[in-house]
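my_file_32.cif follows (mmCIF, C-alpha atoms):
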```
data_model
loop_
_atom_site.label_atom_id
_atom_site.label_comp_id
_atom_site.auth_asym_id
_atom_site.auth_seq_id
_atom_site.Cartn_x
_atom_site.Cartn_y
_atom_site.Cartn_z
CA MET Q 1 -202.83 66.94 37.32
CA ILE Q 2 -202.23 63.35 36.14
CA ILE Q 3 -202.58 62.04 32.58
CA TYR Q 4 -204.07 58.55 32.79
CA GLN Q 5 -204.89 56.61 29.60
CA GLY Q 6 -205.39 59.89 27.75
CA VAL Q 7 -207.69 61.35 30.41
CA VAL Q 8 -206.87 64.29 32.66
CA VAL Q 9 -207.88 63.31 36.19
CA VAL Q 10 -208.20 65.84 38.99
CA ALA Q 11 -209.05 65.70 42.68
CA MET Q 12 -212.11 67.68 43.65
CA ALA Q 13 -212.17 67.24 47.41
CA ARG Q 14 -210.58 69.40 50.07
CA ASN Q 15 -210.75 66.28 52.20
CA PRO Q 16 -209.06 63.64 50.01
CA SER Q 17 -210.41 60.77 52.12
CA LEU Q 18 -213.83 61.37 50.63
CA ILE Q 19 -212.60 60.65 47.12
CA ARG Q 20 -211.06 57.24 46.55
CA ALA Q 21 -209.98 57.11 42.94
CA GLN Q 22 -207.75 55.11 40.68
CA PRO Q 23 -205.06 56.24 40.13
CA PRO Q 24 -204.31 58.36 43.27
CA MET Q 25 -204.95 62.03 42.62
CA PRO Q 26 -203.42 65.23 44.02
CA SER Q 27 -205.57 67.49 46.17
CA ASP Q 28 -204.01 70.87 45.36
CA LEU Q 29 -205.91 71.66 42.16
CA THR Q 30 -208.92 73.88 41.65
CA SER Q 31 -211.31 74.19 38.73
CA SER Q 32 -209.17 77.00 37.32
CA ASP Q 33 -206.50 74.41 36.50
CA CYS Q 34 -208.88 72.63 34.16
CA SER Q 35 -209.06 75.00 31.20
CA VAL Q 36 -207.27 74.03 28.01
CA LEU Q 37 -206.82 75.65 24.61
CA ARG Q 38 -208.92 74.27 21.78
CA GLY Q 39 -208.68 75.94 18.37
CA GLY Q 40 -206.97 78.92 19.96
CA ALA Q 41 -209.82 79.54 22.42
CA SER Q 42 -210.16 78.70 26.09
CA PHE Q 43 -212.25 75.58 26.68
CA ARG Q 44 -213.42 74.52 30.12
CA ARG Q 45 -213.44 70.78 30.69
CA ARG Q 46 -216.44 69.37 32.54
CA GLU Q 47 -215.71 67.91 35.98
CA LEU Q 48 -217.50 64.56 36.34
CA ILE Q 49 -217.50 62.57 39.58
CA PHE Q 50 -218.50 58.91 39.18
CA VAL Q 51 -219.65 57.45 42.52
CA VAL Q 52 -219.36 53.67 42.40
CA ASN Q 53 -220.39 51.04 44.94
CA PRO Q 54 -218.03 48.19 43.93
CA ARG Q 55 -219.82 45.74 46.24
CA GLY Q 56 -223.28 46.44 44.79
CA ALA Q 57 -225.30 43.53 43.42
CA ASN Q 58 -223.00 41.05 45.18
CA GLY Q 59 -219.94 42.57 43.53
CA THR Q 60 -221.39 42.58 40.02
CA THR Q 61 -221.45 46.38 39.95
CA GLY Q 62 -217.71 46.59 40.52
CA GLN Q 63 -217.00 44.00 37.83
CA GLN Q 64 -219.24 45.72 35.28
CA TRP Q 65 -217.71 49.10 36.10
CA LYS Q 66 -214.18 47.86 35.38
CA LYS Q 67 -215.33 46.59 31.99
CA LEU Q 68 -217.12 49.86 31.24
CA LEU Q 69 -214.25 52.19 32.13
CA PRO Q 70 -212.29 51.94 28.85
CA TYR Q 71 -215.36 52.92 26.81
CA LEU Q 72 -216.24 55.71 29.25
CA ARG Q 73 -212.72 57.16 29.03
CA SER Q 74 -212.68 57.00 25.24
CA ARG Q 75 -216.14 58.60 24.94
CA LEU Q 76 -215.81 61.34 27.56
CA GLY Q 77 -212.07 61.82 28.03
CA ASN Q 78 -211.60 64.50 25.36
CA ASP Q 79 -214.03 66.93 26.98
CA CYS Q 80 -214.22 65.90 30.63
CA ASN Q 81 -212.09 65.35 33.70
CA ILE Q 82 -213.13 61.96 35.06
CA CYS Q 83 -212.94 61.20 38.78
CA GLU Q 84 -213.72 57.64 39.88
CA SER Q 85 -214.85 57.55 43.52
CA LEU Q 86 -215.31 54.14 45.14
CA THR Q 87 -217.53 53.97 48.20
CA SER Q 88 -216.25 52.11 51.23
CA GLY Q 89 -219.48 51.67 53.18
CA PRO Q 90 -222.92 53.07 54.07
CA SER Q 91 -223.35 56.85 53.62
CA HIS Q 92 -219.94 57.28 51.96
CA ALA Q 93 -221.64 58.27 48.70
CA ILE Q 94 -223.41 61.08 50.60
CA ASP Q 95 -220.08 62.50 51.78
CA ILE Q 96 -218.48 62.18 48.34
CA THR Q 97 -221.40 63.98 46.70
CA ARG Q 98 -221.45 66.85 49.18
CA GLU Q 99 -217.73 67.47 48.79
CA ALA Q 100 -217.93 67.28 45.00
CA ILE Q 101 -220.72 69.87 44.90
CA ARG Q 102 -218.84 72.19 47.24
CA GLU Q 103 -215.78 71.90 45.01
CA GLY Q 104 -217.79 72.85 41.92
CA ALA Q 105 -218.22 69.55 40.06
CA ASP Q 106 -220.34 69.80 36.92
CA ALA Q 107 -222.06 66.50 37.67
CA VAL Q 108 -222.09 63.66 40.16
CA ILE Q 109 -222.98 60.36 38.51
CA ALA Q 110 -224.44 57.52 40.58
CA VAL Q 111 -223.07 54.22 39.25
CA GLY Q 112 -224.98 51.20 40.52
CA GLY Q 113 -228.51 50.57 41.70
CA ASP Q 114 -231.18 52.59 43.41
CA GLY Q 115 -229.36 52.37 46.74
CA THR Q 116 -226.34 54.27 45.41
CA LEU Q 117 -228.62 56.75 43.64
CA HIS Q 118 -230.51 57.29 46.91
CA GLU Q 119 -227.29 58.17 48.77
CA VAL Q 120 -226.08 60.48 46.01
CA VAL Q 121 -229.42 62.33 46.03
CA ASN Q 122 -229.14 62.76 49.80
CA GLY Q 123 -225.67 64.18 49.25
CA PHE Q 124 -227.22 67.11 47.37
CA PHE Q 125 -228.60 68.29 50.74
CA CYS Q 126 -227.18 69.04 54.18
CA GLY Q 127 -228.80 70.55 57.26
CA GLY Q 128 -232.15 70.78 55.52
CA LYS Q 129 -230.80 72.86 52.61
CA PRO Q 130 -229.26 72.19 49.18
CA VAL Q 131 -225.47 71.95 49.27
CA CYS Q 132 -223.74 74.95 47.66
CA ASN Q 133 -220.47 75.50 45.82
CA TYR Q 134 -217.66 76.93 47.96
CA ASP Q 135 -217.22 79.53 45.21
CA MET Q 136 -220.22 81.81 45.74
CA ASN Q 137 -219.48 83.52 42.40
CA SER Q 138 -219.76 80.30 40.40
CA SER Q 139 -222.39 80.46 37.66
CA HIS Q 140 -223.06 76.74 37.29
CA SER Q 141 -224.72 74.14 39.49
CA THR Q 142 -223.94 70.44 39.90
CA ALA Q 143 -226.18 68.06 37.97
CA LEU Q 144 -227.13 64.48 38.80
CA GLY Q 145 -226.26 61.64 36.43
CA ILE Q 146 -227.12 57.95 36.48
CA ILE Q 147 -225.41 54.83 35.13
CA PRO Q 148 -227.63 51.91 36.19
CA LEU Q 149 -225.63 48.78 37.06
CA GLY Q 150 -227.25 47.42 40.23
CA THR Q 151 -229.92 44.93 41.30
CA GLY Q 152 -232.77 47.32 40.68
CA SER Q 153 -232.88 50.45 38.54
CA ASP Q 154 -236.44 51.52 39.27
CA PHE Q 155 -235.94 55.25 38.80
CA ALA Q 156 -234.45 54.67 35.34
CA ARG Q 157 -237.55 52.63 34.46
CA THR Q 158 -239.78 55.62 35.20
CA LEU Q 159 -237.80 57.69 32.69
CA GLY Q 160 -238.11 54.96 30.08
CA TRP Q 161 -234.37 54.34 30.05
CA LYS Q 162 -232.97 50.96 29.12
CA ASN Q 163 -230.71 49.28 31.64
CA ASP Q 164 -227.79 49.94 29.28
CA PRO Q 165 -224.71 51.75 30.65
CA HIS Q 166 -223.59 52.74 27.14
CA ASP Q 167 -226.86 54.63 26.63
CA ALA Q 168 -226.28 56.30 30.00
CA ILE Q 169 -222.81 57.44 28.94
CA GLU Q 170 -224.30 58.96 25.77
CA ARG Q 171 -226.72 60.98 27.90
CA ILE Q 172 -223.81 62.21 30.01
CA ALA Q 173 -221.84 63.11 26.89
CA LYS Q 174 -224.72 65.18 25.48
CA GLY Q 175 -225.03 67.10 28.75
CA LEU Q 176 -228.74 67.90 28.38
CA LYS Q 177 -230.43 68.71 31.69
CA SER Q 178 -233.96 68.59 33.06
CA LYS Q 179 -235.16 69.70 36.49
CA ILE Q 180 -236.70 67.00 38.66
CA ASP Q 181 -238.48 66.92 42.00
CA VAL Q 182 -237.14 65.36 45.19
CA GLY Q 183 -239.15 64.12 48.15
CA CYS Q 184 -238.28 65.24 51.68
CA ILE Q 185 -239.11 63.20 54.79
CA ALA Q 186 -239.13 64.77 58.24
CA GLY Q 187 -239.59 62.95 61.52
CA GLU Q 188 -240.11 64.17 65.07
CA ILE Q 189 -236.35 64.37 65.61
CA GLY Q 190 -233.23 64.23 63.50
CA GLU Q 191 -232.21 65.51 60.09
CA SER Q 192 -234.52 65.40 57.08
CA HIS Q 193 -234.14 62.56 54.60
CA TYR Q 194 -234.58 62.76 50.83
CA PHE Q 195 -235.83 60.40 48.14
CA ILE Q 196 -236.15 60.44 44.38
CA ASN Q 197 -238.25 57.37 43.74
CA VAL Q 198 -240.87 55.94 46.15
CA ALA Q 199 -241.35 56.15 49.91
CA ASP Q 200 -243.60 53.58 51.54
CA ILE Q 201 -245.13 52.62 54.83
CA HIS Q 202 -246.14 49.46 56.70
CA LEU Q 203 -246.15 46.14 54.78
CA SER Q 204 -244.20 47.25 51.70
CA ALA Q 205 -241.61 48.98 53.89
CA LYS Q 206 -241.32 45.90 56.07
CA ALA Q 207 -240.95 43.78 52.91
CA GLY Q 208 -238.13 46.03 51.75
CA TYR Q 209 -236.45 45.67 55.12
CA TYR Q 210 -236.50 41.88 54.83
CA ALA Q 211 -235.62 41.93 51.11
CA SER Q 212 -232.28 43.54 51.93
CA ARG Q 213 -231.25 40.21 53.48
CA TYR Q 214 -231.78 38.35 50.20
CA LYS Q 215 -229.97 40.54 47.67
CA LYS Q 216 -228.04 37.49 46.42
CA PHE Q 217 -231.27 36.34 44.76
CA GLY Q 218 -231.49 39.46 42.57
CA ASN Q 219 -234.94 40.99 42.03
CA LEU Q 220 -236.52 37.86 43.53
CA CYS Q 221 -235.40 39.23 46.91
CA TYR Q 222 -238.36 41.65 46.85
CA VAL Q 223 -240.91 38.83 46.49
CA ILE Q 224 -239.21 36.80 49.25
CA GLY Q 225 -239.17 39.87 51.49
CA ALA Q 226 -242.87 40.52 50.90
CA LEU Q 227 -243.84 36.94 51.74
CA GLN Q 228 -241.78 37.03 54.93
CA ALA Q 229 -243.27 40.39 55.90
CA PHE Q 230 -246.80 38.99 55.72
CA PHE Q 231 -246.11 36.63 58.61
CA ARG Q 232 -247.36 38.31 61.80
CA HIS Q 233 -248.52 41.30 59.74
CA HIS Q 234 -251.59 43.22 60.92
CA ASN Q 235 -253.33 45.95 58.95
CA GLN Q 236 -253.31 49.22 60.84
CA ASP Q 237 -255.52 52.30 61.15
CA LEU Q 238 -253.60 55.48 60.32
CA ARG Q 239 -254.20 59.22 60.51
CA ILE Q 240 -253.34 61.18 57.38
CA LYS Q 241 -253.21 64.90 56.65
CA VAL Q 242 -252.90 65.92 52.98
CA ASP Q 243 -251.73 69.37 51.84
CA GLU Q 244 -252.12 70.89 55.32
CA GLY Q 245 -255.84 69.99 55.39
CA GLU Q 246 -257.81 68.20 58.08
CA TRP Q 247 -256.72 64.92 59.63
CA GLU Q 248 -258.41 61.88 58.06
CA VAL Q 249 -258.67 58.32 59.37
CA CYS Q 250 -257.58 55.65 56.93
CA SER Q 251 -258.68 52.26 58.22
CA GLN Q 252 -256.96 48.89 57.93
CA VAL Q 253 -254.00 50.09 55.88
CA THR Q 254 -251.89 47.29 54.44
CA ALA Q 255 -249.42 49.54 52.65
CA LEU Q 256 -249.18 53.21 51.74
CA CYS Q 257 -246.85 54.31 48.93
CA ILE Q 258 -245.81 57.86 48.08
CA GLY Q 259 -244.43 58.08 44.56
CA ASN Q 260 -242.21 60.74 43.10
CA ALA Q 261 -241.58 58.12 40.39
CA LYS Q 262 -243.51 55.03 39.27
CA TYR Q 263 -241.57 51.90 40.23
CA PHE Q 264 -240.14 50.19 43.28
CA GLY Q 265 -239.33 46.67 44.43
CA GLY Q 266 -237.48 45.64 41.29
CA GLY Q 267 -240.02 46.72 38.68
CA MET Q 268 -243.32 46.94 40.58
CA LYS Q 269 -245.31 49.83 39.06
CA ILE Q 270 -246.83 50.84 42.37
CA THR Q 271 -247.55 54.53 41.69
CA PRO Q 272 -248.28 54.35 37.94
CA ASN Q 273 -249.25 58.02 37.51
CA ALA Q 274 -246.29 59.54 39.35
CA ASN Q 275 -244.01 61.92 37.46
CA PRO Q 276 -240.76 63.27 38.94
CA SER Q 277 -241.35 66.62 37.20
CA SER Q 278 -244.99 67.14 38.20
CA GLY Q 279 -244.45 69.07 41.45
CA ASP Q 280 -246.52 66.61 43.49
CA TYR Q 281 -246.72 62.99 44.62
CA GLU Q 282 -249.03 60.16 43.74
CA MET Q 283 -250.15 58.45 46.96
CA VAL Q 284 -251.49 54.90 46.61
CA ILE Q 285 -253.12 53.16 49.58
CA LEU Q 286 -253.81 49.43 49.85
CA GLN Q 287 -256.39 48.63 52.55
CA ASP Q 288 -257.53 45.40 54.17
CA PHE Q 289 -255.36 43.14 52.00
CA LYS Q 290 -254.89 39.53 53.09
CA TRP Q 291 -251.88 37.42 52.19
CA TYR Q 292 -253.78 35.70 49.38
CA ASP Q 293 -254.77 39.10 47.93
CA PHE Q 294 -251.09 39.86 47.55
CA ILE Q 295 -250.49 36.57 45.71
CA LEU Q 296 -253.54 36.85 43.44
CA LYS Q 297 -252.98 40.52 42.56
CA LEU Q 298 -249.19 40.58 42.37
CA HIS Q 299 -249.25 40.73 38.58
CA LYS Q 300 -251.47 43.83 38.71
CA LEU Q 301 -249.05 45.51 41.12
CA TYR Q 302 -246.19 44.86 38.72
CA ASN Q 303 -247.95 46.07 35.57
CA GLY Q 304 -249.58 49.09 37.21
CA THR Q 305 -253.23 48.06 36.74
CA HIS Q 306 -254.00 47.70 40.46
CA LEU Q 307 -255.72 51.09 40.84
CA SER Q 308 -258.97 49.50 39.66
CA VAL Q 309 -258.75 46.77 42.32
CA LYS Q 310 -261.09 46.88 45.33
CA ASN Q 311 -259.54 48.54 48.40
CA VAL Q 312 -256.90 50.38 46.37
CA SER Q 313 -257.08 54.18 46.15
CA SER Q 314 -254.93 56.92 44.62
CA ARG Q 315 -254.68 60.69 45.08
CA ARG Q 316 -252.29 63.56 44.36
CA ALA Q 317 -250.58 65.50 47.13
CA ARG Q 318 -247.75 67.99 47.72
CA SER Q 319 -247.41 67.24 51.44
CA ILE Q 320 -248.54 64.26 53.50
CA GLU Q 321 -248.41 63.77 57.26
CA ILE Q 322 -248.94 60.25 58.60
CA GLU Q 323 -249.19 58.94 62.12
CA GLU Q 324 -250.27 55.71 63.72
CA ILE Q 325 -253.55 55.35 65.60
CA GLY Q 326 -252.36 53.53 68.68
CA SER Q 327 -248.93 53.23 70.20
CA SER Q 328 -247.26 50.13 68.78
CA GLY Q 329 -244.40 52.22 67.36
CA SER Q 330 -243.77 49.49 64.81
CA ILE Q 331 -245.10 50.89 61.51
CA PHE Q 332 -242.11 50.65 59.16
CA VAL Q 333 -241.05 53.53 56.91
CA GLN Q 334 -238.60 53.30 54.01
CA SER Q 335 -237.64 55.36 50.98
CA ASP Q 336 -235.92 54.14 47.82
CA GLY Q 337 -235.48 50.78 49.55
CA GLU Q 338 -233.70 52.25 52.59
CA PHE Q 339 -235.18 51.59 56.04
CA LEU Q 340 -235.74 54.89 57.89
CA GLY Q 341 -237.47 53.83 61.11
CA PHE Q 342 -241.10 54.17 62.12
CA LEU Q 343 -244.04 56.58 62.07
CA PRO Q 344 -244.84 59.45 62.47
CA ARG Q 345 -243.42 61.16 59.37
CA LYS Q 346 -244.14 64.16 57.14
CA PHE Q 347 -243.50 63.97 53.38
CA SER Q 348 -243.00 67.18 51.37
CA ILE Q 349 -242.13 67.71 47.71
CA LEU Q 350 -239.24 69.93 46.57
CA PRO Q 351 -240.15 70.87 42.97
CA GLY Q 352 -237.37 71.07 40.40
CA VAL Q 353 -234.62 71.15 43.01
CA ILE Q 354 -232.11 68.95 41.12
CA GLU Q 355 -230.98 69.04 37.49
CA LEU Q 356 -230.78 65.58 35.91
CA LEU Q 357 -228.56 64.71 32.95
CA CYS Q 358 -231.12 63.29 30.55
#
```

Any chance you could give the structure as structure tokens?
Amino acid sequence: MIIYQGVVVVAMARNPSLIRAQPPMPSDLTSSDCSVLRGGASFRRRELIFVVNPRGANGTTGQQWKKLLPYLRSRLGNDCNICESLTSGPSHAIDITREAIREGADAVIAVGGDGTLHEVVNGFFCGGKPVCNYDMNSSHSTALGIIPLGTGSDFARTLGWKNDPHDAIERIAKGLKSKIDVGCIAGEIGESHYFINVADIHLSAKAGYYASRYKKFGNLCYVIGALQAFFRHHNQDLRIKVDEGEWEVCSQVTALCIGNAKYFGGGMKITPNANPSSGDYEMVILQDFKWYDFILKLHKLYNGTHLSVKNVSSRRARSIEIEEIGSSGSIFVQSDGEFLGFLPRKFSILPGVIELLC
């Protein structure tokens, strides 16, 4: 145990390489070391793991995090053990989260944008199942927390949260929890993938793929990516099966979005009726859009009034299977802004599978 600026800091991981914290922390402590006496009674300190991508938003996330740390320590340090875990590259946040859950952390907090949140959510699962505490007799589960600091905080928008890290710390301090749904994506091969926000197919997914090259432009990167994606774009006929029903043909699909939450693309309210506690998705399909339709109706896509537009449809679903008609093998799939590959895919909802600090 190390006392650092009035905060007790402990190492949670059996594999210390998964937790990169400041200052260095020992790896020989367990949660039983973390009880203290308060008013003559035993008081268990909450174990909080803050997963930070210091390179997020062109390094802005790391700079903002350093400025935020003194307030975080002063607000949470009396009741919580604070572990700062800096990611070193893609998928590192997944590993950190899995190890923290196995070690019995009370919460893993994603610090940054939707990309970091996406990895942390995926860390709650392994081998197609939720990750479990090593201590099978433990009575508590690990919750998910969010401190938005990145380029886009679309999931926070759905919850009506301001992009204010101090507000986020207050939510963490209160410790109130609410169960939320998580989307699961399965392909023909490989491990399942999980998302908390929006998964999308074809043009919007291709736009997200290109947008990742222009992150230095902030949220404008999504508009640039969409315009680039329209070059050489062709609408595509798809086959869709909803809730294990019959296969349907959906013609000339421009984009298909599956929302567990409302926003993607830096504030675009693409699935305006989605609710991450509803137990189902909202699926929005744009059909036969031309490039000028995108320009003329962009404002409607951002303010969520596009469902009344011609060639836009919406429906609720708990599971959705989608495959291409034809064999181009080039229909892009992404979730929470992360490129996943190409069709076919199956999307299933996992109701109330994660507790969110709210």

**Prompt:** Which distance in Å separates CA of Thr158 (chain Q) and CA of Cys358 (chain Q), to one decimal?
**Reply:** 12.5 Å

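Atom pair CA of Ser153 (chain Q) / CA of Asp114 (chain Q) has a distance of 5.6 Å (rounded to one decimal).
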
**Message:** What would the selection look like, as a VMD selection string, if the PyMOL selection byres ((chain Q and resi 349) around 7) were run on the coordinates I just shared?
**Reply:** chain Q and resid 181 to 184 279 to 280 318 to 319 347 to 348 350 to 351

Dump C-alpha atoms for the selected residues as a short mmCIF file (atom, residue, chain, number, x, y, z; two decimals), in the coordinates of the input?
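Result file part_1.cif:
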```cif
data_model
loop_
_atom_site.label_atom_id
_atom_site.label_comp_id
_atom_site.auth_asym_id
_atom_site.auth_seq_id
_atom_site.Cartn_x
_atom_site.Cartn_y
_atom_site.Cartn_z
CA ASP Q 181 -238.48 66.92 42.00
CA VAL Q 182 -237.14 65.36 45.19
CA GLY Q 183 -239.15 64.12 48.15
CA CYS Q 184 -238.28 65.24 51.68
CA GLY Q 279 -244.45 69.07 41.45
CA ASP Q 280 -246.52 66.61 43.49
CA ARG Q 318 -247.75 67.99 47.72
CA SER Q 319 -247.41 67.24 51.44
CA PHE Q 347 -243.50 63.97 53.38
CA SER Q 348 -243.00 67.18 51.37
CA LEU Q 350 -239.24 69.93 46.57
CA PRO Q 351 -240.15 70.87 42.97
#
```

**Message:** Evaluated on this file, the PyMOL selection byres ((chain Q and resi 208) around 8) picks out some residues - which ones are they, written as number ranges by chain?
**Reply:** Q: 204-207, 209-212, 222, 225-226, 265, 334, 337-339

**Message:** Taking the file as I've supplied it (selection: the PyMOL selection byres ((chain Q and resi 353) around 12)), which residues are included? Please answer as an MDAnalysis selection string.
**Reply:** chainID Q and resid 121 124:125 129:131 141:144 178:184 194:196 276:277 279 349:352 354:356

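If you look at CA of Leu301 (chain Q) and CA of Pro148 (chain Q), they are 22.9 Å away from each other.
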
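Minimum atom-to-atom distance to Gly218 (chain Q), evaluated using only C-alpha atoms, belongs to Q:Ala57 out of Q:Val51, Q:Ala57, Q:Ile189, Q:Leu256.
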
**Request:** Taking the point (-250.8, 53.0, 44.3) as given in the file, collect each protein or nucleic acid residue that comes within 7 Å of it, counting only C-alpha atoms, and present the set as a ChimeraX atom specification.
**Result:** /Q:257,270-272,283-285,307,312-314

Please identify every residue of region 132-231 of chain Q that has at least one atom no farther than 6 Å from an atom of region 96-102 of chain Q, counting all atoms listed in the file, and for each give the shortest atom pair and the distance in Å to one decimal, arranged by chain then increasing number, as JSON lines.
```
{"residue": "Q:Cys132", "atom": "CA", "partner": "Q:Arg102", "partner_atom": "CA", "distance": 5.6}
{"residue": "Q:Asn133", "atom": "CA", "partner": "Q:Arg102", "partner_atom": "CA", "distance": 4.0}
{"residue": "Q:Tyr134", "atom": "CA", "partner": "Q:Arg102", "partner_atom": "CA", "distance": 4.9}
{"residue": "Q:Thr142", "atom": "CA", "partner": "Q:Ile101", "partner_atom": "CA", "distance": 6.0}
```

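Comparing the minimum interatomic distances between Ala261 (chain Q) and each of Q:Gly127, Q:Gly326, Q:Gly160, Q:Gly341, counting all atoms listed in the file, we find that Q:Gly160 sits nearest.
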
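Nearest residue to Lys262 (chain Q), choosing from Q:Tyr281, Q:Tyr71, Q:Phe217, Q:Phe231 and counting all atoms listed in the file: Q:Tyr281.
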
**Request:** Name the residues in contact with Lys174 (chain Q) at a cut-off of 9 Å, using all atoms listed in the file, excluding same-chain residues fewer than 3 positions from it; report them as an NGL selection string.
**Result:** :Q and (169-171 or 357-358)

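Excluding Val249 (chain Q) itself and any same-chain residue fewer than 4 positions from it, the protein and nucleic acid residues within 9 Å of it, counting only C-alpha atoms, are Asp237, Leu238, Arg239, Ile240, Lys241 and Ile325 of chain Q.
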
To box region 109-124 of chain Q, take all atoms listed in the file, fit an axis-aligned box, add 3 Å on each side, and give centre and edge lengths in Å to one decimal, as lines of an AutoDock Vina configuration file.
```
center_x = -227.1
center_y = 58.8
center_z = 44.2
size_x = 14.2
size_y = 22.5
size_z = 17.3
```
